[in-house]
Amino acid sequence: MQSSNINASTSASPRYALIDFLDVGGTMTISQEIANLTEDSGQDLPEENVQIGSIQGTVVGLRYYTGTVNRGEMVSLVRQPQNPYDRNAVMVANVFGSQVGHIKKELAAPMAYIMDNNLARVEGVVPYGEKNTFSMPVNLTFWGREENREAVHNQMRCHGFRLGTEFKGGTTQTSVGRDLLGLSSKISAIPLTEEELKNAFDKLFDDLMEDKTREMEPAEAVCTSLLPHQKQALSWMTSRENSNDLPPFWEEKHGLYFNVLTNFAIKERPEKVLGGILADDMGLGKTLTTIALIVSNFHNGKPLPLEQCEGSSMSSTCRKKSTSKDHEPVSLSQLKRLHADGVTADIIEEDVPQKKAKTTANPAKKPADTKKGTLTSGFYSQEWFCWMMWTLLPLWSALPLRLGLQKRVRRRVLNKGNSPLHKVSWLRVVLDEGHVIRNPNALQSKAVLELQSERRWILSGTPIQNSLKDLFMLLSFLKLKPFDVKEWWNRIIQRPVTMGDRVGLKNLQALVKGITLRRTKNSKVAGRTLVQLPERRVFVQHVILSEEEREEYEQVRREGRKIVDRYFEEGTVMTNYADVLAILVRLRQHCCHPSLVGKYTRADDPGTPSELRERLINKITLVLNSGSDEECAICLDSLRQPVITYCAHVYCRPCICEVIRSEKEQARCPLCRAPIKTKELVEYPGEEMEAGPATGENCRSSSKVDALMSNLLKLRNEDPTVKSLVVSQFTRFMDLIEVPLREYGFSFTRLDGSMAQKTRAKAIQDFQDSSPGSPTIMLLSLKAGGVGLNLTAASHVFMMDPAWNPAAEDQCVDRCHRLGQSRDVVITKFIVKDSVEENMVKIQKKKQELVDKAFGVKKPQDLKQARIDEIRALMEI
DNA sequence: ACCGCCGGGTGCC
DNA sequence: ACCGCCGGGTGCC
């Protein structure tokens with residue numbers, strides 16, 4: 001190709017980020033459990049959605065602002081405490097955030113009080129007068145907790161206003177939404193029953209594939225051939241990226257742009273929404289399809305120009321592959337080298353736009369083009385990404401190498417606003433396993449929303465995990481206006497739908513359909529299911545404890561019960577939830593192997609009262625030994641020099657000390673905002689503990705280990721080539737299992753969260769190797785068995801201990817029960833009889849039923865009660 | 001007239 | 001704003 005082509009393509013901002021959130025879906029860590037608890041106490045709970053009253057007010061100052069509204073359109077009310085003319089000022093803004101005016105000051109006074117004290121949220125609708133020059137009426141509705149009703153009414157009365165229930169004359173109804181079904185208003189006024197709503201939710205993401213069946217061939221550089229459904233996805237994704245159409249639900253009408261869902265109109269053409277949600281079921285090849293998209297759809301629908309690679313340490317490889325017809329895959333060692341001296345270096349060394357690449361391994365090719373902040377010179381991280389992925393295609397099993405990169409990216413992204421990733425105008429940002437951004441409070445979610453990009457994709461098999469709320473962040477990331485702002489999402493979709501509003505539900509369905517492609521393994525293309533996987537059978541094997549084990553178990557249970565009983569008496573179960581979980585972990589560990597339960601040595605610490613210290617050490621020990629590779633919430637890496645704060649959150653010592661150093665006296669815990677001090681950090685006693693049970697005790701077996709071994713020996717007798725995964729949540733349990741594996745001469749590998757990427761990749765490669773003498777067993781920590789991992793060499797899975805989250809187990813099994821698996825997969829779950837494990841299984845089932853029943857409409861008090869009931873059931877109280 | 005009334009200037013918060 | 005409000009001009013009928 002001529003150099004002019006290179007110019008054209010490079011100046012067109014060739015950038016990608018494929019951001020992988022790998023640690024999803026694994027076991028829940030204790031802190032995650034707690035985070036989930038608090039997550040549910042958000043402000044949009046039904047109990048806070050009581051209508052307190054309504055009143056008509058006045059919007060003034062219209063002539064000073066550009067924001068306009070339509071008849072019946074919603075407006076938002078925003079406090080302006082810093083307003084120099086009136087500290088009670090309440091600003092009125094339209095759906096697009098443009099200011100329309102202010103609330104008249106007499107009314108703003110009581111409103112300010114109510115809003116500032118969180119007595120109620122106020123929502124506005126303009127009933128008429130939208131064309132007025134100076135002021136317009138606004139119907140204000142106050143929403144809040146029942147207990148604040150009196151206070152709100154009083155405050156309004158003090159200022160001479162009386163809140164009513166209805167607006168006289170005119171419509172209370174906003175003109176939001178089109179009656180898509182053509183239902184008469186009578187029918188649509190009948191709210192949906194809970195049952196109907198549940199059904200609708202179940203089906204919300206069912207087979208969103210009609211009209212999306214056109215296939216597209218990927219660019220030549222994609223060496224793996226795509227399945228028909230993948231070609232369809234590629235075609236759909238390409239059309240979503242290249243479309244010059246208005247974003248979903250927008251229409252042009254006499255020079256104005258209307259949103260058919262909301263009836264909102266604006267003069268300016270709404271920004272394009274290029275991208276969407278690829279929500280295919282696990283194992284259908286979402287990532288592969290996306291990589292095909294990256295390679296096939298660059299600018300103007302043309303493939304990525306491979307010549308860009310020229311001059312880099314990778315160029316020879318890339319060019320050879322792209323020009324010659326035989327797409328011989330690069331070797332693993334080549335990839336490793338690239339990983340080591342190319343990409344990693346680029347990302348670490350802040351290669352920022354407008355600057356030349358400094359990395360010696362990647363000499364800059366052209367001077368930087370500083371226009372529009374785009375980046376043309378040298379080999380910056382983003383180009384490296386696409387090259388890495390391209391070269392990886394024929395070598396799909398080398399995926400973990402790529403994943404190693406993603407972790408760095410994730411950490412980078414978190415360095416909010418300041419990260420090199422935030423300074424780049426990306427062509428495309430893809431969130432692999434994008435549902436993890438569903439918590440809007442999480443730093444990673446906030447950071448990801450800040451990324452500048454032309455095209456955005458979310459890949460997720462489970463776009464909605466718990467409730468409708470989960471969808472909000474996804475729309476927010478996709479910048480699908482106005483749903484990227486919480487208030488509008490709540491008012492237009494979430495509240496109407498949870499209150500059973502039919503039009504709201506129709507709108508939601510249209511919304512999802514317009515931006516989502518989803519197929520399941522059972523979806524049919526031309527009468528055939530997409531993926532024909534071998535069978536998958538699950539057996540539960542009950543394990544009976546030996547007399548000695550039973551005695552020990554009962555003792556631990558009695559001790560735990562004593563503590564939990566006390567919490568119940570005090571009514572402090574929820575405040576001591578972490579403690580209760582800790583006790584449960586001990587019991588679960590006992591079911592696996594008695595010596596799993598850590599004992600700690602008490603060291604003197606003059607700074608901390610011994611009782612507190614004991615409790616804290618207890619907690620940190622459990623966190624670290626839960627087998628779930630707890631991360632430090634600051635650096636997001638595995639914990640190094642772990643310490644626990646008085647508020648019971650665990651961080652790396654250097655990380656938390658840095659926080660305290662920079663914030664000084666104001667230092668607060670990043671997770672709970674409790675004040676923290678350096679001298680109030682309690683260390684993990686560490687090594688002595690690890691060494692503790694390593695002697696003598698380890699030689700002892702356990703009933704569960706025995707049960708596993710007899711299974712493994714039987715299998716080996718029947719067929720010595722059969723490979724198995726042995727999965728546990730406790731890495732130290734895996735240590736203990738290694739002993740008899742060696743004793744019986746099994747060749748095995750191991751994969752857990754603490755392993756470096758290099759050893760990880762090696763372990764996977766060894767295991768997947770089918771040559772004689774290769775390992776037949778892989779010890780796999782549940783957490784490490786995350787998305788993307790390919791372990792199809794195994795046809796047997798032994799789940800050593802039940803997880804709280806059955807989905808995590810399923811996902812782990814999917815590592816081997818996926819494309820490429822030729823044998824039937826047999827899953828054996830070991831459950832200790834008459835133990836906390838049996839109770840866990842019962843709760844898992846019950847929980848599933850509950851979730852099915854109350855999807856999206858669960859009440860928080862029920863949830864809290866459910867947790868307490870769970871604890872009761874687990875502890876048999 | 002320390003008022004009323006008139007009519008011009010003016011205008012969110 | 002085809003309003004309200006302000007403050008200056010003005011003043012019997």
# chains A, B, ... in the order shown; residues from 1 in each chain; ligands from 1

$ closest_atom_pairs --of "chain C" --to "range 1-8 of chain B" --cutoff "9 Å" --atoms "only C-alpha atoms (C1' of nucleotides)" --output "tab-separated table"
residue	atom	partner	partner_atom	distance
C:DG9	C1'	B:DC6	C1'	8.5
C:DT10	C1'	B:DC6	C1'	8.2
C:DG11	C1'	B:DA1	C1'	7.8

$ write_last_selection --atoms "all heavy atoms" --output "short mmCIF file (atom, residue, chain, number, x, y, z; two decimals), in the first residue's frame"
data_model
loop_
_atom_site.label_atom_id
_atom_site.label_comp_id
_atom_site.auth_asym_id
_atom_site.auth_seq_id
_atom_site.Cartn_x
_atom_site.Cartn_y
_atom_site.Cartn_z
P DG C 9 -38.28 63.86 39.85
OP1 DG C 9 -37.41 64.54 38.86
OP2 DG C 9 -38.23 64.22 41.28
"O5'" DG C 9 -39.78 63.99 39.37
"C5'" DG C 9 -40.11 63.69 38.00
"C4'" DG C 9 -41.56 64.03 37.76
"O4'" DG C 9 -42.39 63.08 38.48
"C3'" DG C 9 -41.98 65.42 38.26
"O3'" DG C 9 -42.77 66.06 37.26
"C2'" DG C 9 -42.78 65.15 39.52
"C1'" DG C 9 -43.40 63.78 39.20
N9 DG C 9 -43.70 62.98 40.38
C8 DG C 9 -42.87 62.67 41.43
N7 DG C 9 -43.43 61.91 42.35
C5 DG C 9 -44.74 61.73 41.88
C6 DG C 9 -45.81 60.99 42.44
O6 DG C 9 -45.83 60.35 43.50
N1 DG C 9 -46.95 61.06 41.64
C2 DG C 9 -47.03 61.74 40.45
N2 DG C 9 -48.21 61.69 39.84
N3 DG C 9 -46.03 62.43 39.90
C4 DG C 9 -44.91 62.38 40.67
P DT C 10 -43.13 67.61 37.37
OP1 DT C 10 -43.41 68.07 35.99
OP2 DT C 10 -42.16 68.32 38.22
"O5'" DT C 10 -44.49 67.54 38.15
"C5'" DT C 10 -45.61 66.84 37.58
"C4'" DT C 10 -46.68 66.59 38.60
"O4'" DT C 10 -46.19 65.74 39.64
"C3'" DT C 10 -47.19 67.83 39.33
"O3'" DT C 10 -48.39 68.28 38.70
"C2'" DT C 10 -47.47 67.35 40.76
"C1'" DT C 10 -47.11 65.87 40.71
N1 DT C 10 -46.48 65.32 41.94
C2 DT C 10 -47.25 64.50 42.73
O2 DT C 10 -48.39 64.22 42.48
N3 DT C 10 -46.59 64.02 43.84
C4 DT C 10 -45.28 64.29 44.23
O4 DT C 10 -44.81 63.81 45.24
C5 DT C 10 -44.54 65.16 43.35
C7 DT C 10 -43.13 65.52 43.68
C6 DT C 10 -45.17 65.65 42.26
P DG C 11 -48.85 69.68 39.05
OP1 DG C 11 -49.46 70.17 37.78
OP2 DG C 11 -47.87 70.49 39.80
"O5'" DG C 11 -50.02 69.30 40.06
"C5'" DG C 11 -51.01 68.30 39.69
"C4'" DG C 11 -51.92 68.09 40.87
"O4'" DG C 11 -51.25 67.24 41.84
"C3'" DG C 11 -52.29 69.38 41.61
"O3'" DG C 11 -53.66 69.34 41.99
"C2'" DG C 11 -51.40 69.35 42.82
"C1'" DG C 11 -51.29 67.86 43.11
N9 DG C 11 -50.10 67.45 43.83
C8 DG C 11 -48.80 67.91 43.67
N7 DG C 11 -47.95 67.33 44.46
C5 DG C 11 -48.73 66.42 45.19
C6 DG C 11 -48.34 65.51 46.21
O6 DG C 11 -47.23 65.31 46.65
N1 DG C 11 -49.44 64.77 46.68
C2 DG C 11 -50.73 64.93 46.22
N2 DG C 11 -51.65 64.16 46.79
N3 DG C 11 -51.10 65.78 45.28
C4 DG C 11 -50.04 66.49 44.81
#

$ closest_atom_pairs --of "chain A" --to "chain B" --cutoff "12 Å" --atoms "only C-alpha atoms (C1' of nucleotides)" --output "Markdown table"
| residue | atom | partner | partner_atom | distance |
| --- | --- | --- | --- | --- |
| A:Thr58 | CA | B:DC12 | C1' | 10.8 |
| A:Val59 | CA | B:DC12 | C1' | 8.7 |
| A:Val60 | CA | B:DC12 | C1' | 5.4 |
| A:Gly61 | CA | B:DC12 | C1' | 4.1 |
| A:Leu62 | CA | B:DC12 | C1' | 7.9 |
| A:Arg63 | CA | B:DC12 | C1' | 9.0 |
| A:Tyr64 | CA | B:DC12 | C1' | 8.1 |
| A:Tyr65 | CA | B:DC12 | C1' | 10.3 |
| A:Arg79 | CA | B:DC13 | C1' | 11.0 |
| A:Gln80 | CA | B:DC13 | C1' | 9.1 |
| A:Pro81 | CA | B:DC13 | C1' | 10.6 |
| A:Gln82 | CA | B:DC13 | C1' | 10.6 |
| A:Asn83 | CA | B:DC13 | C1' | 7.1 |
| A:Pro84 | CA | B:DC13 | C1' | 8.2 |
| A:Tyr85 | CA | B:DC13 | C1' | 5.7 |
| A:Asp86 | CA | B:DC13 | C1' | 5.9 |
| A:Arg87 | CA | B:DC13 | C1' | 8.7 |
| A:Asn88 | CA | B:DC13 | C1' | 8.5 |
| A:Ala89 | CA | B:DC13 | C1' | 5.7 |
| A:Val90 | CA | B:DC13 | C1' | 7.8 |
| A:Met91 | CA | B:DC13 | C1' | 8.2 |
| A:Val92 | CA | B:DC13 | C1' | 10.9 |
| A:Val100 | CA | B:DC12 | C1' | 10.9 |
| A:Gly101 | CA | B:DC12 | C1' | 7.3 |
| A:His102 | CA | B:DC13 | C1' | 6.2 |
| A:Ile103 | CA | B:DC13 | C1' | 7.9 |
| A:Lys104 | CA | B:DC12 | C1' | 7.4 |
| A:Lys105 | CA | B:DC13 | C1' | 6.9 |
| A:Glu106 | CA | B:DC13 | C1' | 10.7 |
| A:Leu107 | CA | B:DC13 | C1' | 11.6 |
| A:Ala108 | CA | B:DC13 | C1' | 9.3 |
| A:Ala109 | CA | B:DC13 | C1' | 11.2 |
| A:Phe134 | CA | B:DC12 | C1' | 9.0 |
| A:Ser135 | CA | B:DC12 | C1' | 9.1 |

$ residues_around --residues "Val556 in chain A" --least-positions-apart "6" --cutoff "12 Å" --atoms "only C-alpha atoms (C1' of nucleotides)" --output "list in words"
Glu549, Arg550, Lys562, Ile563, Ile583, Leu584, Val585, Arg586, Leu587, Arg588, Gln589, His590, Cys591, Pro594, Val597, Ser835, Val836 and Met875 of chain A

$ select_by_dssp --residues "range 760-872 of chain A" --states "alpha helix (DSSP H)" --output "number ranges by chain"
A: 760-768, 806-814, 836-853, 860-872

$ atom_distance --atom1 "CA of His796 in chain A" --atom2 "CA of Asn711 in chain A"
10.3 Å

$ residues_around --residues "Phe258 in chain A" --least-positions-apart "6" --cutoff "10 Å" --atoms "only C-alpha atoms (C1' of nucleotides)" --output "mmCIF file with N, CA, C and O atoms, in the first residue's frame"
data_model
loop_
_atom_site.group_PDB
_atom_site.id
_atom_site.type_symbol
_atom_site.label_atom_id
_atom_site.label_comp_id
_atom_site.auth_asym_id
_atom_site.auth_seq_id
_atom_site.Cartn_x
_atom_site.Cartn_y
_atom_site.Cartn_z
ATOM 1 N N PHE A 249 -34.374 5.332 18.514
ATOM 2 C CA PHE A 249 -35.550 6.045 19.031
ATOM 3 C C PHE A 249 -35.599 7.526 18.698
ATOM 4 O O PHE A 249 -36.404 8.251 19.231
ATOM 5 N N TRP A 250 -34.725 7.964 17.791
ATOM 6 C CA TRP A 250 -34.793 9.360 17.392
ATOM 7 C C TRP A 250 -35.327 9.464 15.972
ATOM 8 O O TRP A 250 -35.009 8.647 15.112
ATOM 9 N N GLU A 251 -36.134 10.464 15.733
ATOM 10 C CA GLU A 251 -36.667 10.720 14.399
ATOM 11 C C GLU A 251 -36.571 12.202 14.110
ATOM 12 O O GLU A 251 -36.648 13.023 15.025
ATOM 13 N N GLU A 252 -36.428 12.500 12.820
ATOM 14 C CA GLU A 252 -36.392 13.899 12.445
ATOM 15 C C GLU A 252 -37.789 14.331 12.024
ATOM 16 O O GLU A 252 -38.440 13.656 11.226
ATOM 17 N N PHE A 264 -39.421 13.878 23.675
ATOM 18 C CA PHE A 264 -38.570 15.044 23.835
ATOM 19 C C PHE A 264 -38.073 15.478 22.463
ATOM 20 O O PHE A 264 -37.897 14.654 21.577
ATOM 21 N N ALA A 265 -37.875 16.760 22.333
ATOM 22 C CA ALA A 265 -37.387 17.258 21.051
ATOM 23 C C ALA A 265 -36.241 18.218 21.261
ATOM 24 O O ALA A 265 -36.199 18.941 22.249
ATOM 25 N N ILE A 266 -35.301 18.184 20.370
ATOM 26 C CA ILE A 266 -34.208 19.154 20.400
ATOM 27 C C ILE A 266 -33.917 19.634 18.998
ATOM 28 O O ILE A 266 -34.244 18.970 18.017
ATOM 29 N N LYS A 267 -33.255 20.766 18.939
ATOM 30 C CA LYS A 267 -32.915 21.348 17.646
ATOM 31 C C LYS A 267 -31.679 20.684 17.066
ATOM 32 O O LYS A 267 -31.590 20.443 15.880
ATOM 33 N N ARG A 269 -28.945 17.899 16.201
ATOM 34 C CA ARG A 269 -28.975 16.467 15.916
ATOM 35 C C ARG A 269 -28.327 15.727 17.093
ATOM 36 O O ARG A 269 -27.229 16.072 17.517
ATOM 37 N N PRO A 270 -29.023 14.730 17.630
ATOM 38 C CA PRO A 270 -28.429 14.011 18.771
ATOM 39 C C PRO A 270 -27.173 13.259 18.353
ATOM 40 O O PRO A 270 -27.079 12.797 17.213
#

$ residues_around --residues "Ser703 in chain A" --least-positions-apart "4" --cutoff "9 Å" --atoms "only C-alpha atoms (C1' of nucleotides)" --output "PyMOL selection string"
chain A and resi 543-546+549+591-593+707-708+832

$ select_by_dssp --residues "range 82-322 of chain A" --states "strand (DSSP E or B)" --output "ChimeraX atom specification"
/A:90-93,99-103,121-125,135-144,164,208,250-253,256-259,265-266,274-278

$ write_last_selection --atoms "N, CA and C atoms" --output "CSV table (one decimal), in the first residue's frame"
chain,number,residue,atom,x,y,z
A,90,VAL,N,-33.4,27.3,43.1
A,90,VAL,CA,-33.6,26.0,42.5
A,90,VAL,C,-33.7,26.2,41.0
A,91,MET,N,-32.8,25.5,40.3
A,91,MET,CA,-32.7,25.7,38.9
A,91,MET,C,-33.5,24.6,38.2
A,92,VAL,N,-34.1,25.0,37.1
A,92,VAL,CA,-35.0,24.1,36.3
A,92,VAL,C,-34.2,23.7,35.0
A,93,ALA,N,-34.0,22.4,34.8
A,93,ALA,CA,-33.3,22.0,33.6
A,93,ALA,C,-34.2,21.0,32.8
A,99,GLN,N,-30.4,24.6,31.1
A,99,GLN,CA,-31.2,25.3,32.0
A,99,GLN,C,-32.4,26.0,31.3
A,100,VAL,N,-33.6,25.8,31.9
A,100,VAL,CA,-34.8,26.5,31.4
A,100,VAL,C,-35.1,27.7,32.2
A,101,GLY,N,-34.8,27.7,33.4
A,101,GLY,CA,-35.1,28.9,34.3
A,101,GLY,C,-34.9,28.6,35.7
A,102,HIS,N,-35.5,29.3,36.6
A,102,HIS,CA,-35.5,29.1,38.0
A,102,HIS,C,-36.9,28.9,38.6
A,103,ILE,N,-37.0,28.3,39.7
A,103,ILE,CA,-38.2,28.3,40.5
A,103,ILE,C,-38.4,29.6,41.1
A,121,ARG,N,-37.5,14.1,47.1
A,121,ARG,CA,-37.1,14.5,45.8
A,121,ARG,C,-38.2,15.2,45.1
A,122,VAL,N,-37.9,16.2,44.3
A,122,VAL,CA,-39.0,16.9,43.6
A,122,VAL,C,-38.8,16.7,42.1
A,123,GLU,N,-39.9,16.4,41.5
A,123,GLU,CA,-39.9,16.2,40.1
A,123,GLU,C,-40.9,17.2,39.4
A,124,GLY,N,-40.5,17.7,38.3
A,124,GLY,CA,-41.4,18.7,37.6
A,124,GLY,C,-41.8,18.2,36.2
A,125,VAL,N,-43.0,18.7,35.9
A,125,VAL,CA,-43.6,18.5,34.6
A,125,VAL,C,-44.2,19.8,34.1
A,135,SER,N,-42.1,33.3,31.9
A,135,SER,CA,-42.3,32.3,32.9
A,135,SER,C,-43.3,31.2,32.4
A,136,MET,N,-43.2,30.1,33.1
A,136,MET,CA,-44.2,29.0,32.7
A,136,MET,C,-44.5,28.2,34.0
A,137,PRO,N,-45.7,27.6,34.0
A,137,PRO,CA,-46.1,26.8,35.1
A,137,PRO,C,-45.3,25.5,35.1
A,138,VAL,N,-45.2,25.0,36.3
A,138,VAL,CA,-44.5,23.6,36.4
A,138,VAL,C,-45.2,22.9,37.5
A,139,ASN,N,-45.7,21.7,37.2
A,139,ASN,CA,-46.3,20.8,38.2
A,139,ASN,C,-45.2,20.1,38.9
A,140,LEU,N,-45.2,20.3,40.2
A,140,LEU,CA,-44.1,19.7,41.0
A,140,LEU,C,-44.7,18.6,41.9
A,141,THR,N,-44.0,17.5,41.8
A,141,THR,CA,-44.4,16.3,42.6
A,141,THR,C,-43.3,16.0,43.6
A,142,PHE,N,-43.7,15.8,44.9
A,142,PHE,CA,-42.7,15.5,45.9
A,142,PHE,C,-42.7,14.0,46.2
A,143,TRP,N,-41.6,13.4,46.1
A,143,TRP,CA,-41.5,11.9,46.4
A,143,TRP,C,-40.5,11.7,47.5
A,144,GLY,N,-40.9,10.8,48.4
A,144,GLY,CA,-40.0,10.5,49.5
A,144,GLY,C,-40.5,9.4,50.4
A,164,GLY,N,-51.2,19.5,47.4
A,164,GLY,CA,-52.4,18.7,47.1
A,164,GLY,C,-52.0,17.3,46.6
A,208,LEU,N,-32.7,-11.7,21.4
A,208,LEU,CA,-32.8,-10.4,20.7
A,208,LEU,C,-32.0,-10.5,19.4
A,250,TRP,N,-34.7,8.0,17.8
A,250,TRP,CA,-34.8,9.4,17.4
A,250,TRP,C,-35.3,9.5,16.0
A,251,GLU,N,-36.1,10.5,15.7
A,251,GLU,CA,-36.7,10.7,14.4
A,251,GLU,C,-36.6,12.2,14.1
A,252,GLU,N,-36.4,12.5,12.8
A,252,GLU,CA,-36.4,13.9,12.4
A,252,GLU,C,-37.8,14.3,12.0
A,253,LYS,N,-38.2,15.4,12.6
A,253,LYS,CA,-39.6,15.9,12.2
A,253,LYS,C,-39.5,17.4,12.1
A,256,LEU,N,-36.8,19.4,13.6
A,256,LEU,CA,-36.5,19.1,15.0
A,256,LEU,C,-36.2,17.6,15.1
A,257,TYR,N,-35.6,17.2,16.2
A,257,TYR,CA,-35.3,15.8,16.5
A,257,TYR,C,-36.1,15.3,17.6
A,258,PHE,N,-36.9,14.3,17.4
A,258,PHE,CA,-37.8,13.8,18.4
A,258,PHE,C,-37.3,12.5,18.9
A,259,ASN,N,-37.5,12.3,20.2
A,259,ASN,CA,-37.2,11.0,20.7
A,259,ASN,C,-38.6,10.3,20.8
A,265,ALA,N,-37.9,16.8,22.3
A,265,ALA,CA,-37.4,17.3,21.1
A,265,ALA,C,-36.2,18.2,21.3
A,266,ILE,N,-35.3,18.2,20.4
A,266,ILE,CA,-34.2,19.2,20.4
A,266,ILE,C,-33.9,19.6,19.0
A,274,LEU,N,-22.8,4.8,18.5
A,274,LEU,CA,-22.2,3.8,17.7
A,274,LEU,C,-21.8,2.6,18.6
A,275,GLY,N,-22.4,1.5,18.5
A,275,GLY,CA,-22.1,0.4,19.4
A,275,GLY,C,-23.4,-0.1,20.0
A,276,GLY,N,-23.2,-0.8,21.1
A,276,GLY,CA,-24.3,-1.4,21.8
A,276,GLY,C,-23.9,-2.5,22.7
A,277,ILE,N,-24.8,-3.5,22.9
A,277,ILE,CA,-24.6,-4.6,23.9
A,277,ILE,C,-24.6,-5.9,23.1
A,278,LEU,N,-23.5,-6.6,23.1
A,278,LEU,CA,-23.5,-7.9,22.6
A,278,LEU,C,-23.7,-8.9,23.8

$ residues_around --residues "Val797 in chain A" --least-positions-apart "2" --cutoff "6 Å" --atoms "only C-alpha atoms (C1' of nucleotides)" --output "NGL selection string"
:A and (724-725 or 827)

$ atom_distance --atom1 "CA of Thr66 in chain A" --atom2 "CA of Val78 in chain A"
16.4 Å

$ atom_distance --atom1 "CA of Met709 in chain A" --atom2 "CA of Val726 in chain A"
10.7 Å
